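Enquirer: Handing you a structure now.
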Amino acid sequence: MSTAVAEGKTWGGGNQPLQASYGKMMMWFFIVSDALTFSGFLAAYGFSRFKFIDAWPIADEVFTHFPFLHGVDAPMYYVAFMTFVLIMSSVTMVLAVDAGHHLDKAKVTLYMFLTIIGGLIFVGSQAWEWNTFIKGDYGAVQTKGGNILQFGEYVEEDGEQVFKRVAVRDFAANGHGERVVHERKNGLWFVDEGTLPNYTVDEVIHGLQANKNILVRTQFINDEGEKTVLSRGESMNQIMKNGKLVVEGANLHVNEYGSPLFADFFFFITGFHGFHVFSGVVINIIIFFNVVLGTYERRKSYEMVEKVGLYWHFVDLVWVFVFTFFYLV
């Protein structure tokens, strides 16, 4: 029985399924398997999102920051910028692949370079967004039941009363009592206490008593699609009876914006996608230097550019779904 020998891009079996080389087929297998992984993560997020639909953070109130524009309310602007940059990097990757088909080394080099720059901007932007999300903006009080109580006041804008958030640091009274972090050396040997918040619940209560215009807003959404604002009496009652801990920012345990599950999914899914983008940037840099060195020019084939392009387009497509789930829905 004769054995077929692979020639060029033909598989070892002598056939060429879907007119693709072995390397491209393996890239497609990886993309399909990774797509199933992301699908599972997003499905879990969607289930949790609608299970706690009446207490889920509102994206327009969470992602309102823009670099170098402190105090400016710019909901979703920077996220839209990040998305635009990633999509444009996918466009430059298409142009690089097309230039490779024409064996145009100069254009492949240019478009690969632009793709790398776009990827670096996106990864850097995501790191900045994480940092902003972790630090928080206004702060809140966590109740004994694990819910979040935020603060604000009504101000007049264009003849209407609008509820505006107020940061805890702007009204909480500065206490004079000393707070000691519990460590193994001064308590239970197997227990360490986390970093203490900047303010205590008692300081928040004193601040509320001194500022009659500040009200409490719960994390629960009313029939108008807005978070429920309590009356002055209800606000004081909630803080004094149920206030447990002052929360600033978000992490895997607490979240000043609402349900801790939102922060958990945000860090995990956007972090997992960010790792994919970072990996893609590293691979693109390696391919870029091979292009500059003329490796693929000598081979008379830029298929490696095409294979890494498939991965980059996949990362771009996944972000479209992540963007939709976290920021638009």
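Every chain in the structure tokens has a letter given in the order shown (A, B, ...), and although residue numbers restart at 1 in each chain, ligands are simply numbered from 1 in the order shown.
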Could you pull the residues within 8 Å of range 34-43 of chain A, counting only C-alpha atoms, minus those fewer than 6 positions along the same chain, as a ChimeraX atom specification?

Expert: /A:269,318,322,325

Enquirer: Take the residues from that selection and put them in a file with all heavy atoms, as a CSV table (one decimal), in the first residue's frame.

Expert:
```csv
chain,number,residue,atom,x,y,z
A,269,ILE,N,-14.0,37.4,33.9
A,269,ILE,CA,-14.2,37.3,32.4
A,269,ILE,C,-13.4,38.3,31.7
A,269,ILE,O,-12.7,38.0,30.7
A,269,ILE,CB,-15.7,37.5,32.1
A,269,ILE,CG1,-16.5,36.3,32.7
A,269,ILE,CG2,-16.0,37.6,30.6
A,269,ILE,CD1,-18.0,36.4,32.4
A,318,VAL,N,-14.9,38.0,20.5
A,318,VAL,CA,-15.3,37.7,21.9
A,318,VAL,C,-15.6,39.0,22.7
A,318,VAL,O,-16.5,39.1,23.5
A,318,VAL,CB,-14.2,36.9,22.6
A,318,VAL,CG1,-14.4,36.8,24.1
A,318,VAL,CG2,-14.1,35.5,22.0
A,322,VAL,N,-18.5,40.2,25.2
A,322,VAL,CA,-18.3,40.7,26.6
A,322,VAL,C,-18.8,42.1,26.8
A,322,VAL,O,-19.4,42.4,27.8
A,322,VAL,CB,-16.8,40.6,26.9
A,322,VAL,CG1,-16.4,41.2,28.3
A,322,VAL,CG2,-16.3,39.2,26.9
A,325,PHE,N,-22.6,42.0,27.1
A,325,PHE,CA,-23.1,41.4,28.3
A,325,PHE,C,-22.9,42.4,29.5
A,325,PHE,O,-23.8,42.6,30.3
A,325,PHE,CB,-22.5,40.1,28.6
A,325,PHE,CG,-23.2,38.9,27.9
A,325,PHE,CD1,-23.3,38.8,26.6
A,325,PHE,CD2,-23.7,38.0,28.7
A,325,PHE,CE1,-23.9,37.8,26.0
A,325,PHE,CE2,-24.4,36.9,28.1
A,325,PHE,CZ,-24.5,36.8,26.8
```

Enquirer: List every residue of range 54-100 of chain A that has an atom at most 9 Å from any atom of range 254-264 of chain A, giving for each one its closest atom pair and the distance in Å to one decimal, counting only C-alpha atoms, sorted by chain and then by ascending residue number, as JSON lines.

Expert:
```
{"residue": "A:Ala55", "atom": "CA", "partner": "A:Ser259", "partner_atom": "CA", "distance": 6.7}
{"residue": "A:Trp56", "atom": "CA", "partner": "A:Ser259", "partner_atom": "CA", "distance": 6.0}
{"residue": "A:Pro57", "atom": "CA", "partner": "A:Gly258", "partner_atom": "CA", "distance": 5.3}
{"residue": "A:Ile58", "atom": "CA", "partner": "A:Tyr257", "partner_atom": "CA", "distance": 8.2}
{"residue": "A:Glu61", "atom": "CA", "partner": "A:Tyr257", "partner_atom": "CA", "distance": 8.3}
{"residue": "A:Val62", "atom": "CA", "partner": "A:Tyr257", "partner_atom": "CA", "distance": 6.7}
```

Enquirer: Would you mind listing what lies within 12 Å of range 221-234 of chain A as a PyMOL selection string, with only C-alpha atoms counted and same-chain residues fewer than 2 positions away left out?

Expert: chain A and resi 52-58+60-61+148-154+162-165+208-209+211-219+236-242+257-258

Enquirer: Among range 108-325 of chain A, which residues does DSSP mark as strand (DSSP E) when it is run on the backbone? Keep the chain and numbering as in the structure and answer as a VMD selection string.

Expert: chain A and resid 140 to 143 148 to 157 160 to 165 215 to 221 227 to 229 243 to 247

Enquirer: Could the residues in this selection be saved with N, CA and C atoms as an mmCIF file, in the first residue's frame?

Expert:
```cif
data_model
loop_
_atom_site.group_PDB
_atom_site.id
_atom_site.type_symbol
_atom_site.label_atom_id
_atom_site.label_comp_id
_atom_site.auth_asym_id
_atom_site.auth_seq_id
_atom_site.Cartn_x
_atom_site.Cartn_y
_atom_site.Cartn_z
ATOM 1 N N ALA A 140 -19.616 53.200 49.879
ATOM 2 C CA ALA A 140 -20.956 52.802 50.293
ATOM 3 C C ALA A 140 -20.851 52.080 51.625
ATOM 4 N N VAL A 141 -22.003 51.709 52.174
ATOM 5 C CA VAL A 141 -22.050 50.940 53.412
ATOM 6 C C VAL A 141 -22.697 49.596 53.122
ATOM 7 N N GLN A 142 -22.039 48.529 53.552
ATOM 8 C CA GLN A 142 -22.600 47.190 53.402
ATOM 9 C C GLN A 142 -23.425 46.853 54.631
ATOM 10 N N THR A 143 -24.619 46.314 54.411
ATOM 11 C CA THR A 143 -25.505 45.966 55.517
ATOM 12 C C THR A 143 -25.170 44.585 56.059
ATOM 13 N N ILE A 148 -25.960 46.736 49.640
ATOM 14 C CA ILE A 148 -25.168 47.961 49.573
ATOM 15 C C ILE A 148 -26.077 49.185 49.703
ATOM 16 N N LEU A 149 -25.668 50.141 50.557
ATOM 17 C CA LEU A 149 -26.370 51.406 50.720
ATOM 18 C C LEU A 149 -25.460 52.529 50.229
ATOM 19 N N GLN A 150 -25.915 53.255 49.221
ATOM 20 C CA GLN A 150 -25.144 54.359 48.657
ATOM 21 C C GLN A 150 -25.722 55.686 49.145
ATOM 22 N N PHE A 151 -25.018 56.781 48.853
ATOM 23 C CA PHE A 151 -25.419 58.076 49.382
ATOM 24 C C PHE A 151 -25.503 59.118 48.270
ATOM 25 N N GLY A 152 -26.408 60.069 48.467
ATOM 26 C CA GLY A 152 -26.557 61.141 47.488
ATOM 27 C C GLY A 152 -27.533 62.188 47.976
ATOM 28 N N GLU A 153 -27.779 63.155 47.132
ATOM 29 C CA GLU A 153 -28.715 64.228 47.459
ATOM 30 C C GLU A 153 -29.400 64.689 46.181
ATOM 31 N N TYR A 154 -30.553 65.309 46.366
ATOM 32 C CA TYR A 154 -31.293 65.832 45.226
ATOM 33 C C TYR A 154 -30.825 67.244 44.909
ATOM 34 N N VAL A 155 -30.500 67.476 43.657
ATOM 35 C CA VAL A 155 -30.119 68.810 43.180
ATOM 36 C C VAL A 155 -31.001 69.170 41.990
ATOM 37 N N GLU A 156 -31.145 70.435 41.746
ATOM 38 C CA GLU A 156 -32.011 70.892 40.657
ATOM 39 C C GLU A 156 -31.208 71.067 39.371
ATOM 40 N N GLU A 157 -31.647 70.408 38.323
ATOM 41 C CA GLU A 157 -31.039 70.533 36.999
ATOM 42 C C GLU A 157 -32.132 70.713 35.959
ATOM 43 N N GLU A 160 -35.632 70.311 37.201
ATOM 44 C CA GLU A 160 -36.028 69.018 37.752
ATOM 45 C C GLU A 160 -35.097 68.620 38.895
ATOM 46 N N GLN A 161 -35.662 67.856 39.828
ATOM 47 C CA GLN A 161 -34.884 67.337 40.941
ATOM 48 C C GLN A 161 -34.189 66.039 40.520
ATOM 49 N N VAL A 162 -32.866 66.054 40.548
ATOM 50 C CA VAL A 162 -32.072 64.901 40.115
ATOM 51 C C VAL A 162 -31.227 64.413 41.284
ATOM 52 N N PHE A 163 -31.207 63.084 41.459
ATOM 53 C CA PHE A 163 -30.414 62.496 42.536
ATOM 54 C C PHE A 163 -28.958 62.378 42.096
ATOM 55 N N LYS A 164 -28.059 62.972 42.858
ATOM 56 C CA LYS A 164 -26.634 62.941 42.558
ATOM 57 C C LYS A 164 -25.891 62.222 43.686
ATOM 58 N N ARG A 165 -24.985 61.321 43.301
ATOM 59 C CA ARG A 165 -24.210 60.578 44.293
ATOM 60 C C ARG A 165 -23.293 61.514 45.079
ATOM 61 N N LEU A 215 -29.265 61.540 51.539
ATOM 62 C CA LEU A 215 -30.177 60.407 51.651
ATOM 63 C C LEU A 215 -29.459 59.119 51.275
ATOM 64 N N VAL A 216 -30.077 58.010 51.618
ATOM 65 C CA VAL A 216 -29.540 56.694 51.285
ATOM 66 C C VAL A 216 -30.260 56.140 50.070
ATOM 67 N N ARG A 217 -29.484 55.527 49.170
ATOM 68 C CA ARG A 217 -30.055 54.844 48.004
ATOM 69 C C ARG A 217 -29.676 53.373 48.088
ATOM 70 N N THR A 218 -30.669 52.496 47.971
ATOM 71 C CA THR A 218 -30.409 51.063 48.041
ATOM 72 C C THR A 218 -29.957 50.542 46.689
ATOM 73 N N GLN A 219 -29.549 49.278 46.638
ATOM 74 C CA GLN A 219 -29.110 48.673 45.387
ATOM 75 C C GLN A 219 -30.268 48.108 44.576
ATOM 76 N N PHE A 220 -31.479 48.198 45.108
ATOM 77 C CA PHE A 220 -32.633 47.604 44.442
ATOM 78 C C PHE A 220 -33.271 48.587 43.457
ATOM 79 N N ILE A 221 -33.631 48.076 42.295
ATOM 80 C CA ILE A 221 -34.184 48.896 41.220
ATOM 81 C C ILE A 221 -35.697 48.962 41.347
ATOM 82 N N LYS A 227 -32.409 53.054 40.942
ATOM 83 C CA LYS A 227 -32.191 52.570 42.300
ATOM 84 C C LYS A 227 -33.119 53.314 43.277
ATOM 85 N N THR A 228 -33.621 52.599 44.272
ATOM 86 C CA THR A 228 -34.598 53.143 45.214
ATOM 87 C C THR A 228 -33.926 54.085 46.207
ATOM 88 N N VAL A 229 -34.458 55.319 46.305
ATOM 89 C CA VAL A 229 -33.957 56.315 47.248
ATOM 90 C C VAL A 229 -34.886 56.351 48.460
ATOM 91 N N GLY A 243 -26.255 48.953 59.174
ATOM 92 C CA GLY A 243 -24.910 49.261 58.694
ATOM 93 C C GLY A 243 -23.855 48.385 59.349
ATOM 94 N N LYS A 244 -23.008 47.788 58.545
ATOM 95 C CA LYS A 244 -22.001 46.869 59.063
ATOM 96 C C LYS A 244 -20.582 47.294 58.719
ATOM 97 N N LEU A 245 -20.360 47.716 57.472
ATOM 98 C CA LEU A 245 -18.999 47.965 57.004
ATOM 99 C C LEU A 245 -19.004 49.024 55.917
ATOM 100 N N VAL A 246 -18.048 49.935 55.974
ATOM 101 C CA VAL A 246 -17.877 50.920 54.905
ATOM 102 C C VAL A 246 -17.058 50.282 53.787
ATOM 103 N N VAL A 247 -17.589 50.327 52.577
ATOM 104 C CA VAL A 247 -16.955 49.698 51.418
ATOM 105 C C VAL A 247 -16.507 50.774 50.444
#
```

Enquirer: If you measure from CA of Gly249 in chain A to CA of Trp319 in chain A, what distance in Å do you get, rounded to one decimal?

Expert: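 CA of Gly249 in chain A sits 24.1 Å away from CA of Trp319 in chain A.
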
Enquirer: List the spatial neighbours of range 274-283 of chain A as a PyMOL selection string - criterion: any atom at most 7 Å away, only C-alpha atoms, same-chain residues fewer than 2 positions off excluded.

Expert: chain A and resi 116+119+123+270-272+285-287+312+315

Enquirer: Please produce an output containing N, CA, C and O atoms for each residue in the selection, written as a short mmCIF file (atom, residue, chain, number, x, y, z; two decimals), in the first residue's frame.

Expert:
```cif
data_model
loop_
_atom_site.label_atom_id
_atom_site.label_comp_id
_atom_site.auth_asym_id
_atom_site.auth_seq_id
_atom_site.Cartn_x
_atom_site.Cartn_y
_atom_site.Cartn_z
N ILE A 116 -0.28 45.73 16.64
CA ILE A 116 0.36 45.60 17.96
C ILE A 116 0.09 46.83 18.81
O ILE A 116 -0.22 46.72 20.01
N GLY A 119 -3.40 46.68 20.13
CA GLY A 119 -3.52 45.71 21.20
C GLY A 119 -2.94 46.23 22.51
O GLY A 119 -3.52 46.02 23.59
N VAL A 123 -4.96 46.70 26.07
CA VAL A 123 -4.54 46.06 27.31
C VAL A 123 -4.26 47.12 28.38
O VAL A 123 -4.66 46.97 29.55
N THR A 270 -13.39 39.60 32.11
CA THR A 270 -12.58 40.61 31.41
C THR A 270 -11.09 40.30 31.60
O THR A 270 -10.29 40.58 30.71
N GLY A 271 -10.73 39.72 32.76
CA GLY A 271 -9.34 39.33 32.96
C GLY A 271 -8.94 38.19 32.04
O GLY A 271 -7.83 38.19 31.48
N PHE A 272 -9.83 37.22 31.87
CA PHE A 272 -9.55 36.10 30.98
C PHE A 272 -9.42 36.59 29.53
O PHE A 272 -8.52 36.17 28.79
N ILE A 285 3.99 40.29 18.16
CA ILE A 285 5.34 40.86 18.20
C ILE A 285 6.35 39.87 17.63
O ILE A 285 7.25 40.24 16.85
N ILE A 286 6.21 38.59 17.99
CA ILE A 286 7.12 37.56 17.46
C ILE A 286 6.99 37.47 15.94
O ILE A 286 8.00 37.44 15.21
N ILE A 287 5.74 37.42 15.46
CA ILE A 287 5.51 37.34 14.00
C ILE A 287 6.02 38.60 13.32
O ILE A 287 6.61 38.54 12.23
N TRP A 312 -6.54 36.70 16.35
CA TRP A 312 -6.82 38.10 16.70
C TRP A 312 -8.28 38.46 16.41
O TRP A 312 -8.92 39.17 17.20
N VAL A 315 -10.41 37.04 19.21
CA VAL A 315 -10.34 37.87 20.41
C VAL A 315 -11.22 39.10 20.26
O VAL A 315 -11.92 39.51 21.20
#
```

Enquirer: Write out as a list of chain:residue names each polymer residue whose atoms come within 9 Å of range 95-110 of chain A, counting only C-alpha atoms; drop sequence neighbours fewer than 4 positions from it.

Expert: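 Residues near the query, excluding close chain neighbours: A:Ser90, A:Val91, A:Leu114, A:Thr115, A:Phe288, A:Phe289, A:Val291, A:Val292, A:Gly294, A:Tyr296, A:Glu297, A:Lys300, A:Ser301, A:Tyr302, A:Glu303, A:Val305, A:Glu306, A:Gly309.
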
Enquirer: Take the residues from that selection and put them in a file with all heavy atoms, as a CSV table (one decimal), in the first residue's frame.

Expert:
```csv
chain,number,residue,atom,x,y,z
A,90,SER,N,-8.3,45.0,14.4
A,90,SER,CA,-8.7,43.8,13.6
A,90,SER,C,-8.7,44.2,12.1
A,90,SER,O,-8.4,43.4,11.3
A,90,SER,CB,-10.1,43.4,14.1
A,90,SER,OG,-10.4,42.1,13.6
A,91,VAL,N,-9.1,45.5,11.8
A,91,VAL,CA,-9.0,45.9,10.5
A,91,VAL,C,-7.6,45.9,9.9
A,91,VAL,O,-7.3,45.5,8.8
A,91,VAL,CB,-9.6,47.3,10.4
A,91,VAL,CG1,-9.4,47.9,8.9
A,91,VAL,CG2,-11.1,47.3,10.7
A,114,LEU,N,0.8,48.4,13.4
A,114,LEU,CA,-0.4,49.1,13.9
A,114,LEU,C,-1.3,48.2,14.7
A,114,LEU,O,-1.9,48.6,15.7
A,114,LEU,CB,-1.2,49.7,12.7
A,114,LEU,CG,-0.5,50.8,11.9
A,114,LEU,CD1,-1.3,51.2,10.7
A,114,LEU,CD2,-0.2,52.0,12.8
A,115,THR,N,-1.4,46.9,14.4
A,115,THR,CA,-2.1,46.0,15.1
A,115,THR,C,-1.6,45.8,16.5
A,115,THR,O,-2.4,45.8,17.5
A,115,THR,CB,-2.2,44.6,14.4
A,115,THR,OG1,-2.7,44.7,13.1
A,115,THR,CG2,-3.0,43.6,15.2
A,288,PHE,N,5.8,39.8,14.0
A,288,PHE,CA,6.3,41.0,13.4
A,288,PHE,C,7.8,41.0,13.2
A,288,PHE,O,8.3,41.4,12.1
A,288,PHE,CB,5.9,42.2,14.4
A,288,PHE,CG,6.5,43.5,14.0
A,288,PHE,CD1,6.0,44.3,13.0
A,288,PHE,CD2,7.6,44.0,14.7
A,288,PHE,CE1,6.6,45.5,12.6
A,288,PHE,CE2,8.2,45.2,14.4
A,288,PHE,CZ,7.7,46.0,13.3
A,289,PHE,N,8.6,40.5,14.1
A,289,PHE,CA,10.0,40.5,14.0
A,289,PHE,C,10.4,39.5,12.9
A,289,PHE,O,11.4,39.7,12.2
A,289,PHE,CB,10.7,40.2,15.3
A,289,PHE,CG,10.8,41.4,16.2
A,289,PHE,CD1,10.1,41.5,17.3
A,289,PHE,CD2,11.7,42.4,15.9
A,289,PHE,CE1,10.2,42.6,18.2
A,289,PHE,CE2,11.8,43.6,16.7
A,289,PHE,CZ,11.1,43.7,17.8
A,291,VAL,N,8.7,38.9,10.3
A,291,VAL,CA,8.4,39.6,9.0
A,291,VAL,C,9.5,40.6,8.7
A,291,VAL,O,10.0,40.6,7.6
A,291,VAL,CB,7.1,40.4,9.1
A,291,VAL,CG1,6.9,41.3,7.9
A,291,VAL,CG2,5.9,39.4,9.2
A,292,VAL,N,10.0,41.3,9.7
A,292,VAL,CA,11.1,42.3,9.5
A,292,VAL,C,12.3,41.6,9.1
A,292,VAL,O,13.1,42.1,8.2
A,292,VAL,CB,11.3,43.1,10.8
A,292,VAL,CG1,12.6,43.9,10.7
A,292,VAL,CG2,10.1,44.0,11.2
A,294,GLY,N,12.5,39.0,7.4
A,294,GLY,CA,12.4,38.4,6.0
A,294,GLY,C,12.1,36.9,6.0
A,294,GLY,O,12.3,36.2,5.0
A,296,TYR,N,9.4,35.1,6.3
A,296,TYR,CA,8.3,34.6,5.5
A,296,TYR,C,8.5,35.0,4.0
A,296,TYR,O,7.9,34.4,3.1
A,296,TYR,CB,6.9,35.2,6.0
A,296,TYR,CG,6.8,34.9,7.5
A,296,TYR,CD1,6.6,35.9,8.4
A,296,TYR,CD2,6.9,33.6,8.0
A,296,TYR,CE1,6.4,35.7,9.7
A,296,TYR,CE2,6.7,33.3,9.3
A,296,TYR,CZ,6.5,34.4,10.2
A,296,TYR,OH,6.4,34.1,11.5
A,297,GLU,N,9.2,36.1,3.8
A,297,GLU,CA,9.6,36.5,2.4
A,297,GLU,C,10.4,35.4,1.7
A,297,GLU,O,10.1,35.1,0.6
A,297,GLU,CB,10.4,37.8,2.5
A,297,GLU,CG,10.6,38.4,1.1
A,297,GLU,CD,9.3,39.1,0.6
A,297,GLU,OE1,8.4,39.3,1.4
A,297,GLU,OE2,9.3,39.4,-0.6
A,300,LYS,N,8.2,32.5,0.8
A,300,LYS,CA,7.2,32.9,-0.2
A,300,LYS,C,5.8,32.6,0.3
A,300,LYS,O,4.9,32.3,-0.5
A,300,LYS,CB,7.5,32.1,-1.5
A,300,LYS,CG,8.8,32.3,-2.2
A,300,LYS,CD,9.1,33.8,-2.5
A,300,LYS,CE,10.4,34.0,-3.1
A,300,LYS,NZ,10.7,35.4,-3.4
A,301,SER,N,5.6,32.7,1.6
A,301,SER,CA,4.3,32.4,2.2
A,301,SER,C,4.2,33.2,3.6
A,301,SER,O,5.1,33.1,4.4
A,301,SER,CB,4.1,30.9,2.5
A,301,SER,OG,2.9,30.7,3.2
A,302,TYR,N,3.1,33.9,3.7
A,302,TYR,CA,2.9,34.7,5.0
A,302,TYR,C,1.7,34.0,5.7
A,302,TYR,O,0.9,34.6,6.4
A,302,TYR,CB,2.5,36.1,4.7
A,302,TYR,CG,3.7,37.0,4.4
A,302,TYR,CD1,4.2,37.0,3.1
A,302,TYR,CD2,4.3,37.7,5.4
A,302,TYR,CE1,5.3,37.8,2.8
A,302,TYR,CE2,5.4,38.5,5.1
A,302,TYR,CZ,5.9,38.6,3.8
A,302,TYR,OH,7.0,39.4,3.5
A,303,GLU,N,1.7,32.7,5.7
A,303,GLU,CA,0.6,31.9,6.3
A,303,GLU,C,0.6,32.1,7.8
A,303,GLU,O,-0.5,32.2,8.5
A,303,GLU,CB,0.6,30.4,6.0
A,303,GLU,CG,-0.6,29.7,6.5
A,303,GLU,CD,-0.5,28.2,6.3
A,303,GLU,OE1,0.4,27.8,5.5
A,303,GLU,OE2,-1.4,27.5,6.8
A,305,VAL,N,1.1,34.8,9.4
A,305,VAL,CA,0.4,36.1,9.6
A,305,VAL,C,-1.1,35.8,9.6
A,305,VAL,O,-1.9,36.3,10.4
A,305,VAL,CB,0.8,37.1,8.6
A,305,VAL,CG1,-0.1,38.4,8.8
A,305,VAL,CG2,2.3,37.5,8.7
A,306,GLU,N,-1.5,34.9,8.6
A,306,GLU,CA,-2.9,34.6,8.5
A,306,GLU,C,-3.4,33.8,9.7
A,306,GLU,O,-4.5,34.0,10.2
A,306,GLU,CB,-3.1,33.8,7.2
A,306,GLU,CG,-4.6,33.6,6.9
A,306,GLU,CD,-4.8,32.9,5.5
A,306,GLU,OE1,-3.8,32.7,4.8
A,306,GLU,OE2,-5.9,32.6,5.2
A,309,GLY,N,-3.7,36.0,12.6
A,309,GLY,CA,-4.9,36.9,12.3
A,309,GLY,C,-6.2,36.2,12.7
A,309,GLY,O,-7.1,36.9,13.2
```
